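**Student:** start.tsv is the file, holding TSV, C-alpha atoms:
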```
chain	number	residue	atom	x	y	z
A	218	MET	CA	-4.86	-28.87	-1.54
A	219	THR	CA	-1.55	-27.36	-0.47
A	220	LEU	CA	1.39	-27.88	-2.82
A	221	ARG	CA	4.79	-27.49	-1.25
A	222	SER	CA	7.02	-25.62	-3.66
A	223	GLN	CA	10.35	-27.23	-2.85
A	224	LYS	CA	12.63	-28.65	-0.25
A	225	PRO	CA	14.81	-26.10	1.58
A	226	GLY	CA	17.98	-25.36	-0.35
A	227	SER	CA	16.79	-26.74	-3.69
A	228	HIS	CA	17.14	-23.32	-5.37
A	229	LYS	CA	14.34	-23.68	-7.87
A	230	PRO	CA	13.63	-20.66	-10.09
A	231	PHE	CA	10.80	-18.22	-9.56
A	232	LEU	CA	8.28	-17.65	-12.33
A	233	LEU	CA	7.38	-14.09	-13.34
A	234	VAL	CA	4.02	-13.96	-15.13
A	235	VAL	CA	4.28	-10.97	-17.47
A	236	CYS	CA	0.94	-9.29	-18.22
A	237	ARG	CA	2.43	-6.67	-20.58
A	238	GLN	CA	3.68	-6.52	-24.14
A	239	PRO	CA	7.38	-7.44	-24.34
A	240	GLY	CA	9.63	-4.62	-25.49
A	241	THR	CA	7.70	-2.01	-23.51
A	242	ILE	CA	7.76	-1.20	-19.83
A	243	ALA	CA	7.67	-4.97	-19.19
A	244	ASP	CA	11.44	-5.08	-19.65
A	245	ASP	CA	11.92	-2.52	-16.89
A	246	GLU	CA	9.52	-4.48	-14.68
A	247	LEU	CA	11.52	-7.65	-15.26
A	248	ASN	CA	14.71	-5.86	-14.26
A	249	MET	CA	13.19	-4.37	-11.12
A	250	VAL	CA	11.72	-7.67	-9.92
A	251	ALA	CA	15.12	-9.29	-10.48
A	252	LYS	CA	16.90	-6.48	-8.67
A	253	TRP	CA	14.88	-6.63	-5.47
A	254	GLY	CA	14.57	-10.40	-5.52
A	255	GLY	CA	18.29	-10.89	-6.03
A	256	LEU	CA	17.42	-13.07	-9.01
A	257	GLU	CA	19.34	-13.81	-12.19
A	258	VAL	CA	17.12	-13.41	-15.24
A	259	GLY	CA	16.76	-16.67	-17.13
A	260	THR	CA	18.25	-18.79	-14.35
A	261	THR	CA	16.55	-18.01	-11.05
A	262	LEU	CA	13.82	-15.89	-12.66
A	263	GLN	CA	11.94	-17.32	-15.62
A	264	THR	CA	9.08	-15.65	-17.48
A	265	LEU	CA	5.64	-16.67	-18.67
A	266	ASN	CA	3.98	-14.18	-21.00
A	267	VAL	CA	0.20	-14.48	-20.92
A	268	LEU	CA	-0.43	-12.25	-23.94
A	269	PRO	CA	-1.17	-14.63	-26.84
A	270	GLY	CA	1.04	-14.75	-29.86
A	271	GLU	CA	3.84	-12.76	-28.22
A	272	GLU	CA	7.30	-13.70	-27.09
A	273	PRO	CA	8.49	-13.00	-23.53
A	274	PRO	CA	11.32	-10.60	-22.71
A	275	GLU	CA	14.67	-12.06	-23.77
A	276	THR	CA	16.24	-14.07	-20.99
A	277	ASN	CA	19.53	-12.24	-21.44
A	278	VAL	CA	18.04	-8.85	-20.58
A	279	GLU	CA	20.63	-7.02	-18.52
A	280	THR	CA	19.57	-6.52	-14.93
A	281	ASP	CA	20.95	-4.25	-12.25
A	282	ALA	CA	20.30	-6.89	-9.60
A	283	THR	CA	23.73	-6.31	-8.13
A	284	GLN	CA	23.32	-2.55	-8.11
A	285	GLY	CA	21.36	-0.64	-5.53
A	286	ASN	CA	21.19	2.80	-7.06
A	287	ASP	CA	17.88	4.41	-7.91
A	288	ASP	CA	19.19	7.09	-10.21
A	289	GLY	CA	20.04	5.23	-13.36
A	290	GLY	CA	20.40	1.97	-15.20
A	291	GLN	CA	16.80	1.84	-16.32
A	292	SER	CA	15.73	1.02	-19.86
A	293	GLU	CA	14.58	3.77	-22.15
A	294	THR	CA	11.68	1.71	-23.49
A	295	ARG	CA	8.24	3.18	-23.07
A	296	ALA	CA	4.83	1.58	-23.02
A	297	THR	CA	2.27	2.64	-25.59
A	298	GLN	CA	-0.77	1.35	-23.74
A	299	GLY	CA	-2.93	2.51	-20.85
A	300	ASN	CA	-2.33	2.63	-17.14
A	301	ASP	CA	-0.98	-0.04	-14.82
A	302	ASP	CA	-4.19	-1.96	-14.44
A	303	GLY	CA	-6.73	-0.15	-16.55
A	304	ARG	CA	-7.59	1.85	-19.62
A	305	GLN	CA	-6.88	5.52	-19.96
A	306	SER	CA	-9.49	7.32	-17.95
A	307	GLU	CA	-10.59	10.87	-17.40
A	308	THR	CA	-11.20	10.05	-13.75
A	309	ARG	CA	-8.29	11.25	-11.64
A	310	ALA	CA	-7.32	9.55	-8.41
A	311	ALA	CA	-7.00	11.57	-5.23
A	312	GLN	CA	-3.85	13.57	-5.85
A	313	GLY	CA	-1.24	14.17	-3.19
A	314	ASN	CA	0.14	17.52	-2.22
A	315	ASP	CA	3.71	18.70	-2.54
A	316	ASP	CA	4.77	18.21	1.06
A	317	GLY	CA	4.96	14.44	1.21
A	318	GLY	CA	2.65	12.99	-1.41
A	319	GLN	CA	-0.41	12.87	0.80
A	320	GLY	CA	-3.71	14.50	-0.05
A	321	GLU	CA	-6.77	15.35	1.98
A	322	THR	CA	-8.86	12.51	0.60
A	323	ARG	CA	-9.00	9.32	2.62
A	324	ALA	CA	-10.48	6.06	1.44
A	325	PRO	CA	-13.68	5.22	3.31
A	326	GLN	CA	-14.04	1.92	5.08
A	327	ILE	CA	-15.66	-0.68	2.86
A	328	ASP	CA	-18.01	-3.49	3.67
A	329	PRO	CA	-16.57	-6.91	2.74
A	330	LYS	CA	-19.94	-7.72	1.18
A	331	ASP	CA	-20.08	-4.55	-0.89
A	332	THR	CA	-19.70	-5.92	-4.41
A	333	GLU	CA	-22.00	-3.53	-6.20
A	334	THR	CA	-19.68	-3.28	-9.18
A	335	GLU	CA	-19.03	-6.73	-10.57
A	336	ALA	CA	-15.80	-7.48	-12.40
A	337	LYS	CA	-15.78	-8.72	-15.96
A	338	THR	CA	-13.78	-11.86	-16.63
A	339	GLY	CA	-14.22	-12.20	-20.40
A	340	GLU	CA	-14.77	-15.17	-22.66
A	341	ASP	CA	-12.47	-18.07	-23.36
A	342	GLY	CA	-10.11	-17.43	-26.23
A	343	ALA	CA	-8.33	-19.73	-28.64
A	344	GLN	CA	-5.50	-21.91	-27.43
A	345	SER	CA	-2.02	-20.47	-27.75
A	346	THR	CA	1.56	-20.97	-26.77
A	347	ALA	CA	2.72	-18.61	-24.06
A	348	GLY	CA	6.12	-17.74	-22.74
A	349	ASN	CA	9.18	-19.40	-24.21
A	350	GLY	CA	7.35	-22.39	-25.70
A	351	ARG	CA	7.66	-24.70	-22.68
A	352	PHE	CA	4.28	-23.54	-21.39
A	353	GLN	CA	1.13	-24.65	-23.18
A	354	TRP	CA	-2.41	-23.52	-22.49
A	355	ALA	CA	-3.70	-26.93	-23.50
A	356	GLY	CA	-7.30	-26.50	-22.46
A	357	ALA	CA	-9.72	-24.99	-19.98
A	358	GLY	CA	-8.99	-26.00	-16.42
A	359	GLU	CA	-5.43	-27.17	-17.03
A	360	CYS	CA	-2.42	-25.50	-15.48
A	361	PRO	CA	0.14	-24.49	-18.13
A	362	VAL	CA	3.12	-25.01	-15.82
A	363	ASP	CA	4.27	-27.72	-13.48
A	364	LEU	CA	4.32	-25.86	-10.19
A	365	HIS	CA	6.76	-28.40	-8.77
A	366	ASP	CA	9.38	-26.84	-11.06
A	367	PHE	CA	9.24	-23.46	-9.32
A	368	ALA	CA	9.91	-21.98	-5.91
A	369	GLY	CA	7.18	-19.37	-6.31
A	370	VAL	CA	5.22	-17.22	-8.75
A	371	ILE	CA	5.16	-13.42	-9.15
A	372	ILE	CA	2.34	-11.90	-11.26
A	373	SER	CA	3.03	-8.47	-12.75
A	374	GLY	CA	0.90	-5.40	-13.26
A	375	SER	CA	-0.77	-4.77	-16.60
A	376	PRO	CA	-1.99	-2.00	-18.90
A	377	TYR	CA	-5.32	-3.82	-19.12
A	378	SER	CA	-8.34	-3.64	-16.83
A	379	TYR	CA	-11.06	-6.13	-15.96
A	380	GLY	CA	-13.80	-3.69	-16.82
A	381	THR	CA	-15.27	-1.74	-13.91
A	382	GLN	CA	-15.04	1.63	-15.62
A	383	PRO	CA	-17.65	3.06	-18.00
A	384	GLY	CA	-17.00	2.07	-21.57
A	385	SER	CA	-14.80	-0.90	-20.70
A	386	ASP	CA	-17.28	-3.72	-21.24
A	387	ASP	CA	-16.14	-6.89	-22.97
A	388	GLU	CA	-17.25	-5.59	-26.36
A	389	PHE	CA	-14.44	-3.03	-26.15
A	390	LYS	CA	-11.78	-5.62	-25.33
A	391	THR	CA	-9.57	-7.10	-28.01
A	392	PRO	CA	-9.41	-10.89	-28.47
A	393	ALA	CA	-5.88	-10.78	-27.05
A	394	HIS	CA	-7.14	-8.93	-23.96
A	395	LEU	CA	-9.91	-11.48	-23.37
A	396	GLN	CA	-7.58	-14.41	-23.89
A	397	MET	CA	-5.03	-12.91	-21.51
A	398	GLU	CA	-7.73	-12.65	-18.83
A	399	ARG	CA	-8.65	-16.30	-19.29
A	400	HIS	CA	-5.03	-17.40	-19.03
A	401	VAL	CA	-4.24	-15.33	-15.96
A	402	LEU	CA	-7.41	-16.36	-14.13
A	403	GLU	CA	-6.87	-20.01	-15.02
A	404	LEU	CA	-3.39	-19.92	-13.55
A	405	CYS	CA	-4.57	-18.00	-10.47
A	406	ARG	CA	-7.21	-20.63	-9.71
A	407	HIS	CA	-4.50	-23.29	-9.62
A	408	LEU	CA	-2.27	-21.14	-7.44
A	409	LEU	CA	-5.10	-20.53	-4.97
A	410	ASP	CA	-6.16	-24.19	-4.93
A	411	ALA	CA	-2.59	-25.32	-4.29
A	412	ASP	CA	-1.84	-22.50	-1.81
A	413	PHE	CA	1.31	-22.10	-3.87
A	414	PRO	CA	3.79	-19.32	-2.94
A	415	THR	CA	2.56	-16.38	-5.01
A	416	LEU	CA	2.98	-12.61	-5.02
A	417	GLY	CA	0.40	-10.84	-7.19
A	418	ILE	CA	1.27	-7.19	-7.88
A	419	CYS	CA	-1.56	-4.71	-8.66
A	420	TYR	CA	-3.28	-6.41	-11.63
A	421	GLY	CA	-1.87	-9.68	-10.27
A	422	MET	CA	-3.62	-9.14	-6.94
A	423	GLN	CA	-6.85	-8.27	-8.72
A	424	SER	CA	-6.58	-11.43	-10.82
A	425	LEU	CA	-6.20	-13.55	-7.69
A	426	ALA	CA	-9.27	-11.87	-6.19
A	427	ILE	CA	-11.44	-12.52	-9.25
A	428	ALA	CA	-10.17	-16.11	-9.55
A	429	GLY	CA	-11.23	-16.60	-5.94
A	430	GLY	CA	-14.75	-15.30	-6.61
A	431	ALA	CA	-14.37	-11.66	-5.49
A	432	ALA	CA	-15.13	-8.48	-7.44
A	433	LEU	CA	-13.40	-5.24	-8.31
A	434	CYS	CA	-14.61	-1.67	-8.23
A	435	ALA	CA	-13.50	1.74	-9.49
A	436	GLY	CA	-14.12	3.45	-6.17
A	437	PHE	CA	-10.56	3.64	-4.79
A	438	PRO	CA	-8.24	4.75	-7.61
A	439	GLU	CA	-4.75	6.07	-6.91
A	440	ASP	CA	-2.67	8.15	-9.27
A	441	LEU	CA	1.13	8.02	-9.46
A	442	GLN	CA	2.25	8.75	-5.93
A	443	ALA	CA	3.56	7.05	-2.78
A	444	PRO	CA	0.86	7.00	-0.09
A	445	TRP	CA	1.45	5.57	3.35
A	446	VAL	CA	0.71	1.88	3.78
A	447	ARG	CA	0.03	0.55	7.29
A	448	LEU	CA	0.22	-3.01	8.52
A	449	THR	CA	-2.81	-4.40	10.28
A	450	PRO	CA	-2.35	-6.46	13.47
A	451	GLU	CA	-2.48	-9.56	11.24
A	452	GLY	CA	0.19	-8.03	9.01
A	453	MET	CA	2.48	-7.45	11.98
A	454	ARG	CA	2.25	-11.18	12.78
A	455	ASP	CA	2.42	-12.59	9.26
A	456	GLY	CA	5.58	-14.51	8.39
A	457	LEU	CA	6.21	-12.44	5.24
A	458	THR	CA	5.09	-8.93	6.18
A	459	ARG	CA	6.17	-8.77	9.82
A	460	SER	CA	9.66	-7.77	8.67
A	461	LEU	CA	8.23	-4.56	7.17
A	462	PRO	CA	7.89	-1.31	9.15
A	463	GLN	CA	4.44	-0.82	10.62
A	464	ARG	CA	4.09	2.23	8.34
A	465	PHE	CA	5.89	2.73	5.03
A	466	GLU	CA	5.59	4.51	1.68
A	467	ALA	CA	4.92	2.59	-1.54
A	468	TYR	CA	4.40	3.58	-5.16
A	469	VAL	CA	0.92	3.10	-6.61
A	470	GLY	CA	-0.94	3.70	-9.85
A	471	HIS	CA	-4.25	1.98	-10.57
A	472	SER	CA	-7.83	2.67	-11.57
A	473	GLU	CA	-9.46	-0.49	-10.18
A	474	SER	CA	-9.17	-2.15	-6.80
A	475	LEU	CA	-10.77	-4.87	-4.71
A	476	ALA	CA	-14.42	-4.10	-3.94
A	477	GLY	CA	-14.28	-5.86	-0.59
A	478	VAL	CA	-12.28	-8.31	1.48
A	479	PRO	CA	-12.20	-11.57	-0.52
A	480	GLU	CA	-13.75	-14.58	1.16
A	481	GLY	CA	-11.14	-16.67	2.92
A	482	SER	CA	-8.50	-13.94	2.87
A	483	VAL	CA	-6.76	-11.84	5.51
A	484	VAL	CA	-6.03	-8.12	5.16
A	485	LEU	CA	-2.38	-7.48	6.06
A	486	ALA	CA	-2.10	-3.80	5.16
A	487	THR	CA	-4.33	-0.85	4.38
A	488	GLY	CA	-3.63	2.58	2.90
A	489	ASP	CA	-4.55	6.25	2.95
A	490	PHE	CA	-6.67	6.16	-0.19
A	491	CYS	CA	-7.17	2.46	-0.99
A	492	PRO	CA	-8.20	0.32	1.98
A	493	LEU	CA	-6.85	-3.03	0.73
A	494	GLN	CA	-3.10	-2.82	0.07
A	495	ILE	CA	-1.87	-6.29	1.07
A	496	VAL	CA	-4.06	-9.39	1.22
A	497	ARG	CA	-3.17	-13.02	1.92
A	498	TRP	CA	-5.09	-16.09	0.81
A	499	GLY	CA	-4.39	-19.33	2.67
A	500	HIS	CA	-0.82	-19.43	3.98
A	501	ASN	CA	1.28	-18.63	0.91
A	502	VAL	CA	-0.66	-16.56	-1.64
A	503	TYR	CA	-0.15	-12.78	-1.32
A	504	GLY	CA	-1.36	-9.78	-3.26
A	505	THR	CA	-0.32	-6.13	-3.14
A	506	GLN	CA	-2.24	-3.22	-4.66
A	507	PHE	CA	0.94	-1.13	-4.53
A	508	HIS	CA	4.07	-1.86	-6.59
A	509	PRO	CA	6.91	-3.22	-4.43
A	510	GLU	CA	9.12	-3.66	-7.49
A	511	ILE	CA	9.23	0.02	-8.50
A	512	THR	CA	12.27	2.14	-7.62
A	513	THR	CA	12.48	5.92	-7.82
A	514	ALA	CA	14.01	5.63	-11.29
A	515	GLY	CA	11.29	3.17	-12.25
A	516	MET	CA	8.59	5.60	-11.19
A	517	ARG	CA	10.14	8.28	-13.37
A	518	ILE	CA	9.75	5.91	-16.32
A	519	ARG	CA	6.10	5.43	-15.46
A	520	ILE	CA	5.53	9.16	-15.10
A	521	ASP	CA	6.93	9.61	-18.61
A	522	THR	CA	4.92	6.65	-19.90
A	523	TYR	CA	1.55	7.47	-18.40
A	524	GLY	CA	1.51	11.24	-18.77
A	525	ASP	CA	-2.02	12.63	-19.07
A	526	THR	CA	-3.48	9.31	-17.91
A	527	TYR	CA	-3.39	9.76	-14.14
A	528	TYR	CA	-2.75	13.51	-14.17
A	529	PRO	CA	-2.84	16.46	-16.61
A	530	ALA	CA	0.35	16.62	-18.66
A	531	ASP	CA	1.22	20.07	-17.29
A	532	GLU	CA	1.43	18.59	-13.76
A	533	LYS	CA	4.26	16.22	-14.64
A	534	ALA	CA	6.94	18.18	-12.77
A	535	ARG	CA	4.87	18.30	-9.58
A	536	VAL	CA	4.04	14.59	-9.77
A	537	GLN	CA	7.68	13.70	-10.32
A	538	ALA	CA	8.81	15.92	-7.44
A	539	ARG	CA	6.48	14.30	-4.93
A	540	CYS	CA	7.42	10.79	-6.13
A	541	ASP	CA	11.13	11.60	-5.97
A	542	ARG	CA	10.78	12.59	-2.31
A	543	ALA	CA	9.28	9.25	-1.32
A	544	ASP	CA	11.41	6.57	0.33
A	545	VAL	CA	10.03	3.25	-0.92
A	546	ARG	CA	12.89	0.99	0.12
A	547	ALA	CA	10.74	-0.74	2.73
A	548	ALA	CA	8.17	-1.61	0.06
A	549	ASN	CA	10.97	-2.89	-2.21
A	550	HIS	CA	12.02	-5.17	0.66
A	551	LEU	CA	8.80	-7.16	0.25
A	552	ILE	CA	10.07	-8.82	-2.94
A	553	SER	CA	13.42	-9.54	-1.30
A	554	GLU	CA	11.65	-11.13	1.66
A	555	PHE	CA	9.28	-13.11	-0.58
A	556	THR	CA	12.12	-14.68	-2.57
A	557	ARG	CA	14.18	-15.29	0.57
A	558	ARG	CA	11.23	-16.94	2.32
A	559	TYR	CA	10.43	-19.36	-0.49
A	560	ARG	CA	13.81	-19.85	-2.15
```
Show me the file's structure as structure tokens.
**Tutor:**
Amino acid sequence: MTLRSQKPGSHKPFLLVVCRQPGTIADDELNMVAKWGGLEVGTTLQTLNVLPGEEPPETNVETDATQGNDDGGQSETRATQGNDDGRQSETRAAQGNDDGGQGETRAPQIDPKDTETEAKTGEDGAQSTAGNGRFQWAGAGECPVDLHDFAGVIISGSPYSYGTQPGSDDEFKTPAHLQMERHVLELCRHLLDADFPTLGICYGMQSLAIAGGAALCAGFPEDLQAPWVRLTPEGMRDGLTRSLPQRFEAYVGHSESLAGVPEGSVVLATGDFCPLQIVRWGHNVYGTQFHPEITTAGMRIRIDTYGDTYYPADEKARVQARCDRADVRAANHLISEFTRRYR
């Protein structure tokens, strides 16, 4: 089933699914998505928080959507949890060098059927109210939102992982973590079934993959850097990604990634270290392993937040220097193009 989001010119809001605790780095993420999407928080960008028992970021959070500078205006809040899509890990991703953020390690080609490491999806949790109270997780299999009310959905990154790393089995997950997984996957199944305009970022992309029956692995981690992302021939033809340069830099930071090409999907971009950087399901559901919402200032916040998670603490200055040199404006353009395409 394909669900058309709106008639042209109807100006419905976009829905940002927040997979982080409010009051942490989630507020900065909200601002950055609004900035690059040209969206007004609370009016053209609404939020759904999938962490049970928590309130979403306030809808009057100030956003620098009308400002284009990368050197200020970011919140001072800091996250207290793990990395962007996983727990704190002693395993370091392939680190870049100081002359452009690129290292010697290259991700090997992967077999689409290589799903040796299965992802964990968790158990169903208790029912809860999510977001601002208008969204109810009424029961298994039901969508908590009326998709006809929205132009599109953006799913954020998360400090949580699905469990492909040693010591991250379900028994180590909190009830809130397990319930969040159920809620995100439930929503993703509806988005995939409806072919509804969706942009899943990092953890959001991984959630779409699992909801569609694919698996994750820990074989292609990337620390905080900006590797080169390259469009595939399909990406150069796709209605959303064809406006991007054939080769561009994008900020990353993840411990898990897709274990293979999901069934029924198309690979639109690959990368130096992680081979699946943009994937499309159907005609309207997209996922990125990189973070198109992060600016240079936003990456500095993450470097401060995730010190000694992706890299030894004494390497902070080197990591920040290589990230500061990256030009990620083309990657940022993806959110602008997504909202323009489906507005």
**Student:** I need the residue nearest Ala393 in chain A from this list: A:Val267, A:Leu232, A:Ala432, A:Pro414. Use all atoms listed in the file for the distance.
**Tutor:**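 Checking each candidate against Ala393 in chain A, we get A:Val267 as the closest.
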**Student:** Per residue of range 436-514 of chain A within 7 Å of range 547-554 of chain A, note the shortest atom pair and the distance in Å to one decimal, counting all atoms listed in the file, and order the rows by chain and increasing residue number, as a Markdown table.
**Tutor:**
```
| residue | atom | partner | partner_atom | distance |
| --- | --- | --- | --- | --- |
| A:Leu457 | CA | A:Glu554 | CA | 6.6 |
| A:Leu461 | CA | A:Ala547 | CA | 6.4 |
| A:Phe465 | CA | A:Ala547 | CA | 6.4 |
| A:Glu466 | CA | A:Ala548 | CA | 6.8 |
| A:Ala467 | CA | A:Ala548 | CA | 5.5 |
| A:Pro509 | CA | A:Asn549 | CA | 4.6 |
| A:Glu510 | CA | A:Asn549 | CA | 5.6 |
```
**Student:** Figure out the distance between CA of Asp244 in chain A and CA of Gly429 in chain A, please, to one decimal in Å.
**Tutor:** 28.9 Å
**Student:** Using all atoms listed in the file, which of the listed residues (A:Leu408, A:Leu262, A:Val469, A:Cys360) sits closest to Ala428 in chain A?
**Tutor:**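 Using all atoms listed in the file, the shortest distance to Ala428 in chain A belongs to A:Leu408.
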**Student:** Which residue is closest to Cys491 in chain A? Choose from A:His365, A:Arg399, A:Arg447, A:Lys533 and count all atoms listed in the file.
**Tutor:**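 Among the listed residues, the smallest separation from Cys491 in chain A belongs to A:Arg447.
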**Student:** How many Å separate CA of Ala534 in chain A from CA of Ile511 in chain A?
**Tutor:** 18.8 Å
**Student:** Using only C-alpha atoms, can you tell me which of A:Ala538, A:Leu247, A:Val258, A:Val502 comes closest to Ala411 in chain A?
**Tutor:**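 Going through A:Ala538, A:Leu247, A:Val258, A:Val502 one by one, the smallest distance to Ala411 in chain A is for A:Val502.
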**Student:** Got a sec to check which residues sit within 8 Å of (-3.8, -10.8, -4.8), counting all atoms listed in the file, and write them as a ChimeraX atom specification?
**Tutor:** /A:416-419,421-426,495-498,502-506
**Student:** Of the residues A:Pro392, A:Gly259, A:Gly374, A:Pro361, which is the one nearest to Gln238 in chain A, using only C-alpha atoms?
**Tutor:**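 Going through A:Pro392, A:Gly259, A:Gly374, A:Pro361 one by one, the smallest distance to Gln238 in chain A is for A:Gly374.
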**Student:** To one decimal in Å, tell me the separation between CA of Gly254 in chain A and CA of His407 in chain A.
**Tutor:**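 Pair CA of Gly254 in chain A / CA of His407 in chain A returns 23.4 Å.
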**Student:** Name all residues at most 10 Å from Arg454 in chain A (count only C-alpha atoms; drop same-chain ones fewer than 6 positions away) and give them as a PDB file with C-alpha atoms, in the coordinates of the input.
**Tutor:**
```
ATOM      1  CA  LEU A 448       0.220  -3.010   8.520  1.00  0.00           C
ATOM      2  CA  SER A 460       9.660  -7.770   8.670  1.00  0.00           C
ATOM      3  CA  LEU A 485      -2.380  -7.480   6.060  1.00  0.00           C
TER       4      LEU A 485
END
```
**Student:** Tell me, as JSON, numbers by chain, which residues lie within 12 Å of Ile427 in chain A, counting only C-alpha atoms; anything in the same chain fewer than 2 positions away does not count.
**Tutor:** {"A": [332, 335, 336, 337, 338, 339, 379, 380, 398, 399, 401, 402, 403, 404, 405, 406, 409, 420, 421, 422, 423, 424, 425, 429, 430, 431, 432, 433, 434, 474, 475, 476, 477, 478, 479, 480]}
**Student:** Do you know which residues are at most 8 Å from range 450-453 of chain A counting all atoms listed in the file, after dropping those on the same chain fewer than 6 positions away, and could you put them as a list in words?
**Tutor:** Arg459, Ser460, Gln463, Val483, Val484, Leu485 and Ala486 of chain A
**Student:** Take the residues from that selection and write them out as a compact mmCIF listing (two decimals), in the coordinates of the input, keeping C-alpha atoms.
**Tutor:**
```txt
# COMPACT_ATOMS: atom_id res chain seq x y z
CA ARG A 459 6.17 -8.77 9.82
CA SER A 460 9.66 -7.77 8.67
CA GLN A 463 4.44 -0.82 10.62
CA VAL A 483 -6.76 -11.84 5.51
CA VAL A 484 -6.03 -8.12 5.16
CA LEU A 485 -2.38 -7.48 6.06
CA ALA A 486 -2.10 -3.80 5.16
```
**Student:** Between A:Ala543, A:Tyr523, A:Ser378, A:Asp410, which has the minimum distance to Thr391 in chain A (counting all atoms listed in the file)?
**Tutor:**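 Smallest distance to Thr391 in chain A is found for A:Ser378.
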**Student:** Let me have the centre and edge lengths of the axis-aligned box enclosing all listed atoms of range 490-500 of chain A with 8 Å padding on every side, in Å to one decimal, as lines of an AutoDock Vina configuration file.
**Tutor:**
```
center_x = -4.5
center_y = -6.6
center_z = 1.5
size_x = 23.4
size_y = 41.6
size_z = 21.0
```
**Student:** Got a sec to check which residues sit within 7 Å of (8.2, -15.8, -17.0), counting all atoms listed in the file, and write them as an MDAnalysis selection string?
**Tutor:** chainID A and resid 232:235 263:266 348
